[in-house]
>>> print(open('protein-v1.json').read())   # JSON, C-alpha atoms
[["chain", "number", "residue", "atom", "x", "y", "z"],
["X", 22, "GLN", "CA", -43.99, 66.03, 3.16],
["X", 23, "VAL", "CA", -46.05, 63.70, 1.04],
["X", 24, "GLN", "CA", -44.35, 60.51, -0.06],
["X", 25, "LEU", "CA", -45.63, 57.81, -2.39],
["X", 26, "VAL", "CA", -44.27, 54.28, -2.32],
["X", 27, "GLU", "CA", -45.26, 51.79, -5.00],
["X", 28, "SER", "CA", -45.16, 48.03, -4.69],
["X", 29, "GLY", "CA", -46.65, 44.98, -6.35],
["X", 30, "GLY", "CA", -44.73, 44.90, -9.57],
["X", 31, "GLY", "CA", -43.04, 41.78, -10.83],
["X", 32, "LEU", "CA", -42.80, 39.23, -13.59],
["X", 33, "VAL", "CA", -46.05, 37.78, -14.91],
["X", 34, "GLN", "CA", -47.02, 35.72, -17.93],
["X", 35, "ALA", "CA", -49.16, 37.19, -20.66],
["X", 36, "GLY", "CA", -52.80, 36.94, -19.69],
["X", 37, "GLY", "CA", -51.99, 37.21, -16.01],
["X", 38, "SER", "CA", -52.92, 39.80, -13.42],
["X", 39, "LEU", "CA", -51.15, 42.13, -11.03],
["X", 40, "ARG", "CA", -52.26, 44.58, -8.39],
["X", 41, "LEU", "CA", -50.00, 47.57, -7.91],
["X", 42, "SER", "CA", -50.15, 49.48, -4.65],
["X", 43, "CYS", "CA", -49.18, 53.04, -3.83],
["X", 44, "GLU", "CA", -49.02, 53.89, -0.16],
["X", 45, "VAL", "CA", -49.32, 57.56, 0.71],
["X", 46, "SER", "CA", -47.58, 59.02, 3.76],
["X", 47, "GLY", "CA", -47.50, 62.56, 5.08],
["X", 48, "ASP", "CA", -51.12, 63.23, 4.16],
["X", 49, "THR", "CA", -54.36, 61.40, 3.47],
["X", 50, "VAL", "CA", -54.94, 59.75, 0.11],
["X", 51, "SER", "CA", -58.51, 61.05, 0.20],
["X", 52, "SER", "CA", -57.27, 64.64, -0.08],
["X", 53, "HIS", "CA", -55.45, 63.94, -3.34],
["X", 54, "ALA", "CA", -56.31, 63.21, -6.92],
["X", 55, "MET", "CA", -54.22, 60.20, -7.87],
["X", 56, "GLY", "CA", -52.87, 58.74, -11.06],
["X", 57, "TRP", "CA", -50.79, 55.95, -12.52],
["X", 58, "PHE", "CA", -48.32, 56.43, -15.34],
["X", 59, "ARG", "CA", -45.87, 54.08, -17.00],
["X", 60, "GLN", "CA", -42.64, 54.28, -18.94],
["X", 61, "ALA", "CA", -41.41, 51.53, -21.20],
["X", 62, "PRO", "CA", -37.76, 51.32, -22.25],
["X", 63, "GLY", "CA", -36.96, 53.93, -24.85],
["X", 64, "LYS", "CA", -40.38, 55.53, -24.62],
["X", 65, "GLU", "CA", -41.91, 58.59, -23.01],
["X", 66, "ARG", "CA", -43.81, 58.24, -19.79],
["X", 67, "GLU", "CA", -47.53, 57.87, -20.49],
["X", 68, "PHE", "CA", -50.77, 58.14, -18.62],
["X", 69, "VAL", "CA", -52.47, 54.93, -17.50],
["X", 70, "ALA", "CA", -55.30, 55.69, -15.08],
["X", 71, "ALA", "CA", -56.59, 58.44, -12.78],
["X", 72, "LEU", "CA", -58.84, 58.74, -9.74],
["X", 73, "SER", "CA", -60.47, 61.95, -8.57],
["X", 74, "GLU", "CA", -60.01, 63.33, -5.08],
["X", 75, "SER", "CA", -63.60, 62.37, -4.32],
["X", 76, "GLY", "CA", -62.80, 58.80, -5.28],
["X", 77, "GLY", "CA", -65.93, 58.73, -7.39],
["X", 78, "HIS", "CA", -64.47, 59.41, -10.82],
["X", 79, "THR", "CA", -61.98, 57.38, -12.81],
["X", 80, "TYR", "CA", -60.45, 57.60, -16.23],
["X", 81, "TYR", "CA", -58.32, 55.15, -18.21],
["X", 82, "ALA", "CA", -56.04, 55.24, -21.19],
["X", 83, "GLU", "CA", -57.52, 53.43, -24.16],
["X", 84, "PHE", "CA", -54.84, 50.75, -24.14],
["X", 85, "ILE", "CA", -55.76, 49.64, -20.59],
["X", 86, "LYS", "CA", -59.49, 50.36, -20.53],
["X", 87, "GLY", "CA", -61.48, 47.26, -19.62],
["X", 88, "ARG", "CA", -58.37, 45.55, -18.27],
["X", 89, "SER", "CA", -57.70, 47.63, -15.20],
["X", 90, "THR", "CA", -59.30, 49.32, -12.21],
["X", 91, "ILE", "CA", -57.96, 52.19, -10.13],
["X", 92, "PHE", "CA", -59.32, 52.47, -6.62],
["X", 93, "ARG", "CA", -58.27, 53.45, -3.14],
["X", 94, "ASP", "CA", -58.56, 52.24, 0.43],
["X", 95, "ASN", "CA", -58.78, 55.25, 2.73],
["X", 96, "ALA", "CA", -58.16, 53.14, 5.82],
["X", 97, "LYS", "CA", -54.86, 51.95, 4.36],
["X", 98, "ASN", "CA", -54.08, 55.32, 2.79],
["X", 99, "THR", "CA", -53.32, 53.46, -0.39],
["X", 100, "VAL", "CA", -54.33, 53.65, -4.04],
["X", 101, "TYR", "CA", -54.28, 50.56, -6.23],
["X", 102, "LEU", "CA", -54.10, 49.66, -9.88],
["X", 103, "GLN", "CA", -55.56, 46.24, -10.58],
["X", 104, "MET", "CA", -54.51, 44.99, -14.00],
["X", 105, "SER", "CA", -55.61, 41.86, -15.80],
["X", 106, "SER", "CA", -55.18, 40.25, -19.23],
["X", 107, "LEU", "CA", -51.67, 41.63, -19.23],
["X", 108, "LYS", "CA", -49.76, 41.80, -22.50],
["X", 109, "PRO", "CA", -46.03, 41.95, -23.21],
["X", 110, "GLU", "CA", -46.51, 45.56, -24.33],
["X", 111, "ASP", "CA", -47.63, 46.41, -20.79],
["X", 112, "THR", "CA", -44.03, 45.90, -19.68],
["X", 113, "ALA", "CA", -42.86, 49.15, -18.12],
["X", 114, "VAL", "CA", -41.99, 50.92, -14.91],
["X", 115, "TYR", "CA", -45.26, 52.03, -13.34],
["X", 116, "TYR", "CA", -45.37, 55.26, -11.37],
["X", 117, "CYS", "CA", -47.90, 56.51, -8.89],
["X", 118, "ALA", "CA", -48.63, 60.24, -8.81],
["X", 119, "GLY", "CA", -50.58, 62.47, -6.46],
["X", 120, "ARG", "CA", -51.98, 65.95, -6.67],
["X", 121, "SER", "CA", -53.14, 68.15, -3.83],
["X", 122, "GLY", "CA", -55.42, 71.13, -4.37],
["X", 123, "SER", "CA", -57.79, 69.82, -7.02],
["X", 124, "GLN", "CA", -59.93, 72.50, -8.65],
["X", 125, "THR", "CA", -62.93, 70.37, -7.82],
["X", 126, "ILE", "CA", -63.00, 67.03, -6.04],
["X", 127, "SER", "CA", -64.40, 65.36, -9.14],
["X", 128, "MET", "CA", -61.55, 66.50, -11.38],
["X", 129, "ILE", "CA", -59.47, 63.91, -13.22],
["X", 130, "TYR", "CA", -55.88, 64.67, -14.23],
["X", 131, "THR", "CA", -54.15, 62.91, -17.09],
["X", 132, "LYS", "CA", -51.13, 65.18, -17.60],
["X", 133, "GLU", "CA", -47.89, 64.60, -15.74],
["X", 134, "GLU", "CA", -47.40, 68.27, -15.01],
["X", 135, "ARG", "CA", -50.66, 68.37, -13.03],
["X", 136, "TYR", "CA", -49.23, 66.13, -10.33],
["X", 137, "ASN", "CA", -47.20, 67.35, -7.35],
["X", 138, "TYR", "CA", -45.88, 64.07, -5.99],
["X", 139, "TRP", "CA", -44.36, 60.96, -7.57],
["X", 140, "GLY", "CA", -43.30, 57.58, -6.37],
["X", 141, "GLN", "CA", -40.07, 55.85, -7.34],
["X", 142, "GLY", "CA", -41.77, 53.37, -9.66],
["X", 143, "THR", "CA", -42.29, 49.62, -9.71],
["X", 144, "GLN", "CA", -41.25, 47.35, -12.58],
["X", 145, "VAL", "CA", -43.86, 45.27, -14.35],
["X", 146, "THR", "CA", -42.58, 42.68, -16.81],
["X", 147, "VAL", "CA", -44.99, 40.61, -18.87],
["X", 148, "SER", "CA", -43.52, 37.59, -20.61],
["X", 149, "SER", "CA", -45.00, 36.12, -23.78]]
>>> encode(input="protein-v1.json", output="C-alpha cells")
Amino acid sequence: QVQLVESGGGLVQAGGSLRLSCEVSGDTVSSHAMGWFRQAPGKEREFVAALSESGGHTYYAEFIKGRSTIFRDNAKNTVYLQMSSLKPEDTAVYYCAGRSGSQTISMIYTKEERYNYWGQGTQVTVSS
C-alpha cells in the first residue's frame, strides 16, 4: 500500500523560505504523478503544484508561480516543494498527493479527484 508522509512545515517570517518533503513508501515515486495542495482555515483545499510521472513536466497555481519549485529525488523516493518569498496568505496545511496509472507519463493533474493517495498534511504558518 502506498503511503505519503509530509514533513518540513513550520513557522516562517514573511519573505522566508521552506522546503516541504513528501516521502513515498510502498512504491516508487517515479511511477507516480505527484501534486501538492493546500487548505487554509475556512477555505477549500486548492491546487498548488504538480509533477508528471516522467518528472519532466511541472505546473503551478498562479499564486505560487515563480516562488516555488516541485521536484523529486528518485534515490530518496521523495518529492519536494521548495517555496520562497512566502506571504502570510500562504499559511495553510499543505498536502502531498500521488497518482498511479497516468494516462501518459507527461500528464499533469491539478484536480484532487485525480489523485489516489494523500498524505496527512504539514502545517505552514507565515507570520507578517
>>> residues_near_point(input="protein-v1.json", point="(-54.7, 56.5, -19.9)", cutoff="12 Å", atoms="all atoms listed in the file", output="ChimeraX atom specification")
/X:56-59,66-72,79-91,129-133
>>> write_last_selection(input="protein-v1.json", atoms="C-alpha atoms", output="compact mmCIF listing (two decimals), in the coordinates of the input")
# COMPACT_ATOMS: atom_id res chain seq x y z
CA GLY X 56 -52.87 58.74 -11.06
CA TRP X 57 -50.79 55.95 -12.52
CA PHE X 58 -48.32 56.43 -15.34
CA ARG X 59 -45.87 54.08 -17.00
CA ARG X 66 -43.81 58.24 -19.79
CA GLU X 67 -47.53 57.87 -20.49
CA PHE X 68 -50.77 58.14 -18.62
CA VAL X 69 -52.47 54.93 -17.50
CA ALA X 70 -55.30 55.69 -15.08
CA ALA X 71 -56.59 58.44 -12.78
CA LEU X 72 -58.84 58.74 -9.74
CA THR X 79 -61.98 57.38 -12.81
CA TYR X 80 -60.45 57.60 -16.23
CA TYR X 81 -58.32 55.15 -18.21
CA ALA X 82 -56.04 55.24 -21.19
CA GLU X 83 -57.52 53.43 -24.16
CA PHE X 84 -54.84 50.75 -24.14
CA ILE X 85 -55.76 49.64 -20.59
CA LYS X 86 -59.49 50.36 -20.53
CA GLY X 87 -61.48 47.26 -19.62
CA ARG X 88 -58.37 45.55 -18.27
CA SER X 89 -57.70 47.63 -15.20
CA THR X 90 -59.30 49.32 -12.21
CA ILE X 91 -57.96 52.19 -10.13
CA ILE X 129 -59.47 63.91 -13.22
CA TYR X 130 -55.88 64.67 -14.23
CA THR X 131 -54.15 62.91 -17.09
CA LYS X 132 -51.13 65.18 -17.60
CA GLU X 133 -47.89 64.60 -15.74
>>> atom_distance(input="protein-v1.json", atom1="CA of Gln34 in chain X", atom2="CA of Met55 in chain X")
27.4 Å
>>> closest_residue(input="protein-v1.json", among="X:Ala96, X:Ile126, X:Leu41, X:Ala118", to="Gln24 in chain X", atoms="only C-alpha atoms")
X:Ala118
>>> atom_distance(input="protein-v1.json", atom1="CA of Thr125 in chain X", atom2="CA of Ser51 in chain X")
13.1 Å
>>> closest_residue(input="protein-v1.json", among="X:Cys117, X:Val50, X:Met128, X:Val147", to="Glu27 in chain X", atoms="only C-alpha atoms")
X:Cys117
>>> closest_residue(input="protein-v1.json", among="X:Thr146, X:Ser52, X:Ser38, X:Gln124", to="Thr99 in chain X", atoms="only C-alpha atoms")
X:Ser52
>>> atom_distance(input="protein-v1.json", atom1="CA of Ser149 in chain X", atom2="CA of Lys108 in chain X")
7.5 Å
>>> residues_around(input="protein-v1.json", residues="Gly47 in chain X", least_positions_apart="2", cutoff="7 Å", atoms="only C-alpha atoms", output="list in words")
Gln22, Val23, Gln24 and Val45 of chain X
